[in-house]
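One structure is given below, encoded as structure tokens.
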Amino acid sequence: DADIPWQQRKRFDDFDYGYALTVHKAQGSQWNEIVLFDESWAFKETRQRWLYTAITRAAERLTIVR
């Protein structure tokens with residue numbers, strides 16, 4: 001990378017920013033792609049509601065990381 005001038009490298013440096021928020025904060029919102037870190041173990045009594053809310057935030061693709 002040090003041998004390639006910055007002006008030439010710039011057009012290949014495309015980034016897509018990501019965001020993280022809690023399922024509680026995400027209620028009422030929807031995104032095309034979701035990566036869900038499954039922490040439902042922490043919500044034993046409300047696990048099903050938590051998972052339902054988390055899963056239904058995805059419009060097209062959902063990836064669950066356990």
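Chain lettering (A, B, ...) mirrors the order of the structure tokens, residue numbering begins at 1 for each chain separately, and ligand numbering begins at 1 in order of display.
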
For this session: Just the residues within 12 Å of Ile34 of chain A, please, counting only C-alpha atoms, with nothing from its chain fewer than 5 positions along; format it as a list in words.
Result: Gly18, Tyr19, Ala20, Leu21, Val23, Ala26, Ser29, Ala54, Ile55, Thr56, Arg57, Ala58, Ala59, Glu60, Arg61, Leu62, Thr63, Ile64 and Val65 of chain A

Take the residues just selected and output them with C-alpha atoms as a PDB file, in the first residue's frame.
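Output (again31.pdb):
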```pdb
ATOM      1  CA  GLY A  18     -22.329  -0.075  10.668  1.00  0.00           C
ATOM      2  CA  TYR A  19     -24.305   0.677  13.763  1.00  0.00           C
ATOM      3  CA  ALA A  20     -25.106  -1.218  16.928  1.00  0.00           C
ATOM      4  CA  LEU A  21     -28.085  -0.795  19.189  1.00  0.00           C
ATOM      5  CA  VAL A  23     -33.237  -4.719  20.656  1.00  0.00           C
ATOM      6  CA  ALA A  26     -34.652  -1.011  17.767  1.00  0.00           C
ATOM      7  CA  SER A  29     -37.567   0.195  13.281  1.00  0.00           C
ATOM      8  CA  ALA A  54     -35.054  -8.882  17.357  1.00  0.00           C
ATOM      9  CA  ILE A  55     -35.846 -11.186  14.429  1.00  0.00           C
ATOM     10  CA  THR A  56     -38.670  -9.059  13.045  1.00  0.00           C
ATOM     11  CA  ARG A  57     -36.367  -6.039  12.650  1.00  0.00           C
ATOM     12  CA  ALA A  58     -34.870  -7.662   9.493  1.00  0.00           C
ATOM     13  CA  ALA A  59     -36.662  -7.023   6.187  1.00  0.00           C
ATOM     14  CA  GLU A  60     -34.467  -9.149   3.886  1.00  0.00           C
ATOM     15  CA  ARG A  61     -31.605 -10.911   5.657  1.00  0.00           C
ATOM     16  CA  LEU A  62     -30.956 -11.980   9.232  1.00  0.00           C
ATOM     17  CA  THR A  63     -27.715 -13.464  10.558  1.00  0.00           C
ATOM     18  CA  ILE A  64     -27.791 -14.828  14.100  1.00  0.00           C
ATOM     19  CA  VAL A  65     -24.491 -15.121  15.963  1.00  0.00           C
TER      20      VAL A  65
END
```

Problem set entry | strand (DSSP E or B) per DSSP on the backbone: members of chain A, as a ChimeraX atom specification | /A:31-37,58-65

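Looking only at chain A, the set that DSSP places in alpha helix (DSSP H) from backbone geometry is Trp6, Gln7, Gln8, Arg9, Lys10, Val23, His24, Lys25, Ala26, Arg47, Gln48, Arg49, Trp50, Leu51, Tyr52, Thr53, Ala54 and Ile55 of chain A.
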
Can I get the selection written as a PDB file, in the first residue's frame, with N, CA and C atoms?
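To be explicit, this is the file written out as selection.pdb:
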```pdb
ATOM      1  N   TRP A   6      -1.885   7.838  -2.775  1.00  0.00           N
ATOM      2  CA  TRP A   6      -3.177   7.957  -2.109  1.00  0.00           C
ATOM      3  C   TRP A   6      -4.306   8.212  -3.102  1.00  0.00           C
ATOM      4  N   GLN A   7      -4.077   9.029  -4.106  1.00  0.00           N
ATOM      5  CA  GLN A   7      -5.116   9.361  -5.077  1.00  0.00           C
ATOM      6  C   GLN A   7      -5.620   8.113  -5.802  1.00  0.00           C
ATOM      7  N   GLN A   8      -4.730   7.160  -6.069  1.00  0.00           N
ATOM      8  CA  GLN A   8      -5.142   5.929  -6.745  1.00  0.00           C
ATOM      9  C   GLN A   8      -5.838   4.970  -5.778  1.00  0.00           C
ATOM     10  N   ARG A   9      -5.398   4.943  -4.532  1.00  0.00           N
ATOM     11  CA  ARG A   9      -6.003   4.059  -3.531  1.00  0.00           C
ATOM     12  C   ARG A   9      -7.388   4.530  -3.116  1.00  0.00           C
ATOM     13  N   LYS A  10      -7.606   5.833  -3.147  1.00  0.00           N
ATOM     14  CA  LYS A  10      -8.841   6.419  -2.628  1.00  0.00           C
ATOM     15  C   LYS A  10     -10.089   5.812  -3.264  1.00  0.00           C
ATOM     16  N   VAL A  23     -31.945  -4.318  21.211  1.00  0.00           N
ATOM     17  CA  VAL A  23     -33.237  -4.719  20.656  1.00  0.00           C
ATOM     18  C   VAL A  23     -34.325  -3.780  21.165  1.00  0.00           C
ATOM     19  N   HIS A  24     -34.238  -3.412  22.413  1.00  0.00           N
ATOM     20  CA  HIS A  24     -35.222  -2.488  22.991  1.00  0.00           C
ATOM     21  C   HIS A  24     -35.252  -1.175  22.206  1.00  0.00           C
ATOM     22  N   LYS A  25     -34.086  -0.635  21.900  1.00  0.00           N
ATOM     23  CA  LYS A  25     -33.994   0.626  21.157  1.00  0.00           C
ATOM     24  C   LYS A  25     -34.451   0.456  19.704  1.00  0.00           C
ATOM     25  N   ALA A  26     -34.308  -0.752  19.165  1.00  0.00           N
ATOM     26  CA  ALA A  26     -34.652  -1.011  17.767  1.00  0.00           C
ATOM     27  C   ALA A  26     -36.147  -1.210  17.538  1.00  0.00           C
ATOM     28  N   ARG A  47     -37.572 -14.404  26.983  1.00  0.00           N
ATOM     29  CA  ARG A  47     -36.717 -14.813  25.861  1.00  0.00           C
ATOM     30  C   ARG A  47     -37.464 -14.802  24.526  1.00  0.00           C
ATOM     31  N   GLN A  48     -38.647 -15.404  24.470  1.00  0.00           N
ATOM     32  CA  GLN A  48     -39.390 -15.492  23.213  1.00  0.00           C
ATOM     33  C   GLN A  48     -39.787 -14.120  22.689  1.00  0.00           C
ATOM     34  N   ARG A  49     -40.231 -13.246  23.556  1.00  0.00           N
ATOM     35  CA  ARG A  49     -40.586 -11.882  23.121  1.00  0.00           C
ATOM     36  C   ARG A  49     -39.358 -11.133  22.627  1.00  0.00           C
ATOM     37  N   TRP A  50     -38.225 -11.292  23.333  1.00  0.00           N
ATOM     38  CA  TRP A  50     -36.980 -10.626  22.948  1.00  0.00           C
ATOM     39  C   TRP A  50     -36.547 -11.094  21.564  1.00  0.00           C
ATOM     40  N   LEU A  51     -36.549 -12.432  21.357  1.00  0.00           N
ATOM     41  CA  LEU A  51     -36.151 -12.972  20.055  1.00  0.00           C
ATOM     42  C   LEU A  51     -37.104 -12.529  18.951  1.00  0.00           C
ATOM     43  N   TYR A  52     -38.396 -12.549  19.198  1.00  0.00           N
ATOM     44  CA  TYR A  52     -39.374 -12.118  18.201  1.00  0.00           C
ATOM     45  C   TYR A  52     -39.116 -10.671  17.787  1.00  0.00           C
ATOM     46  N   THR A  53     -38.929  -9.819  18.765  1.00  0.00           N
ATOM     47  CA  THR A  53     -38.666  -8.406  18.475  1.00  0.00           C
ATOM     48  C   THR A  53     -37.384  -8.254  17.670  1.00  0.00           C
ATOM     49  N   ALA A  54     -36.340  -8.974  18.053  1.00  0.00           N
ATOM     50  CA  ALA A  54     -35.054  -8.882  17.357  1.00  0.00           C
ATOM     51  C   ALA A  54     -35.159  -9.392  15.924  1.00  0.00           C
ATOM     52  N   ILE A  55     -35.765 -10.550  15.751  1.00  0.00           N
ATOM     53  CA  ILE A  55     -35.846 -11.186  14.429  1.00  0.00           C
ATOM     54  C   ILE A  55     -36.705 -10.376  13.464  1.00  0.00           C
TER      55      ILE A  55
END
```

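As for atom CA of Arg66 of chain A and atom CA of Phe37 of chain A, they are spaced 6.2 Å apart.
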